[in-house]
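See structure below.
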Amino acid sequence: MEGQANGTALTCDPPKNFTATREYGGNVSWIDVSISSEGPDRARLGLAIHLSTGESIDPSFGQQWTGTEDGRRFLTLSGEEWYTANVVFGEDPAAARGLAERCIKAYLGET
């Protein structure tokens, strides 16, 4: 979350799980991240590098990746899943659609 938003780490069970809040623009989201071992090529690149060498990748790598076709597809699908989750948890579908569309456009640099 560094450089992206504020938040608080709530729990940490390295290297398996952590929970935290993500706070931005007066809104709070709760995240729960779990890592499972399903083979050496199944985790994200940055995590794999850090766990195997202790090093980290250049943060601009993520920014470059989001400009690729795969990155843009990931951001779009993530926004659609966010829409679905909001509706499941009681948000008005029209309001949730507007929120998701604005979020997707912002992450794709279309605002």
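Letters for chains follow the order of the structure tokens (A, B, ...), residue numbers begin at 1 for each chain, and ligand numbers begin at 1 in the order shown.
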Env of Ile31 (chain A): 7 Å cut, atoms = only C-alpha atoms, seq-sep filter 6 positions within chain, self excluded. Answer as an MDAnalysis selection string.
chainID A and resid 19:21
Shell around Arg72 (chain A) at 12 Å using only C-alpha atoms, local window under 2 positions removed, as JSON, numbers by chain
{"A": [62, 63, 64, 65, 66, 67, 68, 69, 70, 74, 75, 76, 77, 78, 79, 104, 105, 106, 107, 108, 109, 110]}
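Checking A:Asn27, A:Val33, A:Gly7, A:Pro15 one by one against Leu51 (chain A), counting only C-alpha atoms, you find the shortest gap at A:Pro15.
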Please compute the CA of Cys12 (chain A)-CA of Ser60 (chain A) distance, one decimal, in Å.
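Taking CA of Cys12 (chain A) as the start and CA of Ser60 (chain A) as the end point, the length is 25.8 Å.
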One decimal, Å: what's the distance from CA of Glu80 (chain A) over to CA of Ile35 (chain A), could you say?
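Computed distance, CA of Glu80 (chain A) to CA of Ile35 (chain A), equals 22.7 Å.
CA of Tyr83 (chain A) sits 27.2 Å away from CA of Pro59 (chain A).
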Nearest candidate to Trp82 (chain A) (options A:Ser36, A:Ala48, A:Ser29, A:Glu55; using only C-alpha atoms)
A:Ser29
